[in-house]
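Visitor: One structure is given below, represented as structure tokens, and several questions about it will come after.
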Amino acid sequence: MGHFINVILPIPLEKSFTYAITKAEADFLKPGIRVSVPFGKTKIYTALVLDIHDKAPSAYEAKEIHQILDETPLVTTEQLKHWQWISKYYMCTLGDVMRAALPSAFILESETVISKNEDIVINDEDLKDDEFVIYEALHHQSSLKIQDLMSILDKKNVLPVIKRLLEKNAISVQEEIYEKYKPKLVRYVKLSSKFSSEKALQNLMEELSRAPKQRDVVMTLFSVSAQTKKPVKVTDLSSESGASSSIIKALIDKGILEEYHIQIDRVQYDGDDNEDSKQLNDYQEIALNEVLESFENQNITLLHGVTSSGKTEIYVKLIEAQINANKQVLYLLPEIALTTQLVERLQNYFGEKVAVFHSKYSSHERVEVWNNVLQNAPTAQVILGARSSVLLPFQNLGLIIVDEEHESSYKQFDPAPRYHARDTAIVLASIFKSKTLLGSATPSLESYYNAKQGKYGLVELQHRYNNVMMPDVELVDIKDKHKRKRMQGHFSDRLIEEMTETLKTNHQIILFQNRRGFSPIVECQTCGHSPQCPNCDVSLTFHQYKNQLRCHYCGYHTVMPKTCDACGSVELDSKGFGTEQVEQEVKALFPDYNVARMDLDTTRGKYGYEKIITALEQGEIDILVGTQMLTKGLDFRNVKLVGIMNADNMLNFPDFRAHERSYQLMAQVSGRAGRTKERGKVLIQTYNPYHNILQQVSTNAYVEMFEEQLNERHIYKYPPIFRMIKITLKHKDYNRVNVGADWYARSLRTVFDANVLGPEFPPVARIRNQYLKHILVKIPQKQSLAKTKEAIIKINNSFSSVKDFRAIRVILNVDNY
């Protein structure tokens, strides 16, 4: 009787692979432990044990494993179950899921590059012989591949040595290095509250008459705060009063001045200062009880609460209950940008129990979070993360909250597994027999439909926190404004008027434009030529701050030409406009105010978002121009006006979800306005103010939008009525893609008949020199999803076995949201 294990390899193989092990190894191994194994002729991989058995493979001779890498499982049985569901449902391999789930430091393979960790000094005595040899080699060469280490140590299994060096923090696995930046906290000062009475103030002034410099500082503080009515920065105070920072420090030490940071501003609330969570208002209280009631007979509940209705406080109460029951909570967010704001709110409630996980983390930080979750450590009771945190090794998960569940960034597009974090989270919760709460002000049609069908519970929260009114939305007809010459650049007179008003009252403004760059098209006035990307079928976007043309699909860039490439004319004109141009126009219109921009270009680094968000919160920015990053549930207290520069380019997008998405985007952007006492204002500039969606946004009519859109989906057989699988074929040869796609679609039609659409070229048909062609398979409600997938996989396999088609890459995308 031999002993064997089936393993998952971190490569896309259809089946798991079998290796031979000894009896002792069989007794020791458990599913979820990593082993290093030889694969193919020369490669070594870190593989994951799936199961242990005694059946030899019939097709090949089982090789032996090299070494066992873990003492206890790194991946839990619940995770393996979850991975199998992902691989089956999203039609990808377990290897794909393993690659997506495990931090890269866990998957060492012959291609891995390691380098010395410069930040840490290691004593040679602490290293074993083989570790020392490698560490020494890295002194002479900045990085080594695992293949190189095999020849240095002259042995096959070097992965355990690397693993030990990684644990000692002596080396790091090649990763992108993100900038290390901590947002600088600005210090503010105010007069201590014990001097609020006039008498105390007089005594203070007399007392300070012997210290004239300190008295000047206090006098200056009064005049500055009277003039600006804004918090006073320490730096401003010292420059205004001409006092050195030591004098201000002396006043703080005496307790005359108090220093504070506005970073904590968001969770301060009137009344008592205890660190318990906020008291809920009546509406929230009712909503919380309704959620708990619906959890009694539903596993999934949708919380539909208007923007700024205080959904986060309800989440906090639910998390509290789970922590008291010693369970873990997963709190999913669509964007990294949101995590910074929420981390602080949650840390104020739960302190050290909050762990954060997202893709901007370095490998080391990810490994740390992974281990804490796996060990159910007290520092990982609440996991706050973007979509990839669904794949963490939870121990006893009690609740999953999916915030802003309608967001399309929950869907992974490339590489596989192309999973949707919301749907994957629901399955994860069901494995742990726990509950899922979906929250959104503008739920996706799918979720709302499920709630209406009774598949999910539904709780509505219709009032904003503190009874603030919903913002007043006004549509501005820019076609008419252009006719009457009432536009300055891209700004209508109404928008300029409202902006001027808002700035006068010391409030902030957000302007939304869904295109980054300066202008999407540069066109020659003489011959009409516009510069195109050499790798993709799109025109290049002009980015002014770097004076270059960039492709937003593949990253190709070139210097902005002085003359037209086609005819040599110098009359180049830019058409359309992006965030850069809006930013420039705002600076020209309002030169005395601070303007900032938030888009992909300005938020590249790990703390890119934080810099901008912190600056906005601390009142250093008056007007923020940005792309849809601004829409994601951020909470800015002082924003009173939101301007949407052009609503039409969203509405006219060639996609069956364009209208639903436009509604969500605009309603979410509008929700950033007027979150405190005063009512906010939203101006939407459009060429077509009578468009149904715009009317629905302006009256906050989600249900009408839902019914109208659902009706259309019924007629045209789209989700949520029909399910969808999108098949994309990719190859650099145009004809080959065409022939392949026709063959594929014909085969699909023999099975699914009229429910196959395509093949069609998408609006951008060539990206990175690859031609794309899409085929859609629609699946009616009665049709078995599993059987459909089986049929597609059969066709896919026979497609790949045709010699001419083998080079074509096929991408299967299930539920392509």
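All residue names refer to the structure tokens as shown: chains lettered A, B, ... in order, residues numbered from 1 in each chain, ligands numbered from 1 in order.
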Hey, which bits of segment 59-123 of chain A sit within 7 Å of segment 40-47 of chain A, and for each residue what's the closest pair of atoms and how far apart in Å (one decimal), counting only C-alpha atoms, rows by chain and increasing number, as a tab-separated table?
Guide:
```
residue	atom	partner	partner_atom	distance
A:Ile107	CA	A:Thr46	CA	5.5
A:Leu108	CA	A:Thr46	CA	5.6
A:Glu109	CA	A:Tyr45	CA	4.5
A:Ser110	CA	A:Ile44	CA	5.3
```
Visitor: With all heavy atoms retained, export the selected residues as a short mmCIF file (atom, residue, chain, number, x, y, z; two decimals), in the first residue's frame.
Guide:
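So part.cif came out as:
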```
data_model
loop_
_atom_site.label_atom_id
_atom_site.label_comp_id
_atom_site.auth_asym_id
_atom_site.auth_seq_id
_atom_site.Cartn_x
_atom_site.Cartn_y
_atom_site.Cartn_z
N ILE A 107 3.97 31.50 -1.78
CA ILE A 107 4.08 30.65 -2.97
C ILE A 107 5.46 30.82 -3.56
O ILE A 107 5.68 31.65 -4.43
CB ILE A 107 3.03 31.05 -4.03
CG1 ILE A 107 1.64 31.09 -3.40
CG2 ILE A 107 3.01 30.05 -5.18
CD1 ILE A 107 0.54 31.45 -4.36
N LEU A 108 6.42 30.07 -3.04
CA LEU A 108 7.76 30.15 -3.60
C LEU A 108 7.84 29.17 -4.74
O LEU A 108 7.31 28.08 -4.67
CB LEU A 108 8.78 29.78 -2.52
CG LEU A 108 8.73 30.68 -1.29
CD1 LEU A 108 9.55 30.10 -0.17
CD2 LEU A 108 9.21 32.07 -1.63
N GLU A 109 8.50 29.57 -5.82
CA GLU A 109 8.66 28.65 -6.94
C GLU A 109 9.98 28.96 -7.61
O GLU A 109 10.64 29.94 -7.27
CB GLU A 109 7.49 28.82 -7.92
CG GLU A 109 7.35 30.24 -8.38
CD GLU A 109 5.98 30.53 -8.96
OE1 GLU A 109 5.04 29.80 -8.66
OE2 GLU A 109 5.88 31.50 -9.71
N SER A 110 10.35 28.14 -8.57
CA SER A 110 11.69 28.30 -9.14
C SER A 110 11.90 29.68 -9.76
O SER A 110 13.02 30.10 -9.96
CB SER A 110 11.97 27.19 -10.14
OG SER A 110 10.81 26.87 -10.85
#
```
Visitor: Rounded to one decimal in Å, what is the spacing between atom CA of Met1 of chain A and atom CA of Lys55 of chain A?
Guide: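 If I compute the distance from atom CA of Met1 of chain A to atom CA of Lys55 of chain A, I get 8.6 Å.
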Visitor: Just list the residues in segment 483-667 of chain A DSSP gives strand (DSSP E or B) on the backbone, as JSON, numbers by chain.
Guide: {"A": [487, 488, 491, 492, 508, 509, 510, 511, 512, 519, 521, 522, 523, 524, 532, 539, 541, 542, 543, 548, 549, 550, 557, 558, 559, 572, 573, 574, 575, 595, 596, 597, 598, 623, 624, 625, 626, 639, 640, 641, 642, 643, 644]}
Visitor: Mind pulling up the distance from atom CA of Leu166 of chain A to atom CA of Leu138 of chain A?
Guide: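 Separation of atom CA of Leu138 of chain A and atom CA of Leu166 of chain A: 13.6 Å.
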Visitor: Considering only C-alpha atoms, return as a list in words whatever protein or nucleic-acid residues lie within 10 Å of Pro534 of chain A, sequence-local ones (same chain, fewer than 4 positions apart) excluded.
Guide: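 Residues near the query, excluding close chain neighbours: Val538, Ser539, Leu540, Cys551, Cys554, Tyr556, His557, Arg766, Ile767, Arg768 and Asn769 of chain A.
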Visitor: Choose the residue, out of A:Cys92, A:Ile171, A:Ala100, A:Leu665, that has the smallest atom-to-atom separation from Val113 of chain A; count only C-alpha atoms.
Guide: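 Smallest distance to Val113 of chain A is found for A:Ile171.
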Visitor: When you look at Leu303 of chain A with a cut-off of 8 Å (counting only C-alpha atoms), what residues show up, excluding the ones that are within fewer than 3 positions of it in the same chain? I need them as a JSON list (two decimals) with N, CA and C atoms, in the first residue's frame.
Guide:
```json
[["chain", "number", "residue", "atom", "x", "y", "z"],
["A", 291, "VAL", "N", -33.12, 44.40, 11.12],
["A", 291, "VAL", "CA", -32.04, 43.54, 10.60],
["A", 291, "VAL", "C", -31.96, 42.27, 11.45],
["A", 437, "LEU", "N", -24.76, 40.81, 5.71],
["A", 437, "LEU", "CA", -25.56, 42.03, 5.59],
["A", 437, "LEU", "C", -25.01, 42.82, 4.41],
["A", 438, "LEU", "N", -25.87, 43.11, 3.42],
["A", 438, "LEU", "CA", -25.45, 43.93, 2.29],
["A", 438, "LEU", "C", -25.98, 45.34, 2.54],
["A", 439, "GLY", "N", -25.12, 46.34, 2.38],
["A", 439, "GLY", "CA", -25.59, 47.69, 2.64],
["A", 439, "GLY", "C", -25.36, 48.58, 1.44],
["A", 440, "SER", "N", -26.31, 49.46, 1.12],
["A", 440, "SER", "CA", -26.09, 50.41, 0.03],
["A", 440, "SER", "C", -27.22, 51.43, -0.01],
["A", 458, "LEU", "N", -35.15, 42.49, 3.64],
["A", 458, "LEU", "CA", -34.95, 43.87, 3.20],
["A", 458, "LEU", "C", -35.29, 44.82, 4.34],
["A", 459, "VAL", "N", -34.33, 45.72, 4.65],
["A", 459, "VAL", "CA", -34.58, 46.73, 5.68],
["A", 459, "VAL", "C", -34.31, 48.08, 5.06],
["A", 460, "GLU", "N", -35.24, 49.02, 5.23],
["A", 460, "GLU", "CA", -35.07, 50.33, 4.61],
["A", 460, "GLU", "C", -34.80, 51.38, 5.68],
["A", 461, "LEU", "N", -33.91, 52.32, 5.36],
["A", 461, "LEU", "CA", -33.60, 53.41, 6.28],
["A", 461, "LEU", "C", -33.72, 54.69, 5.45]]
```
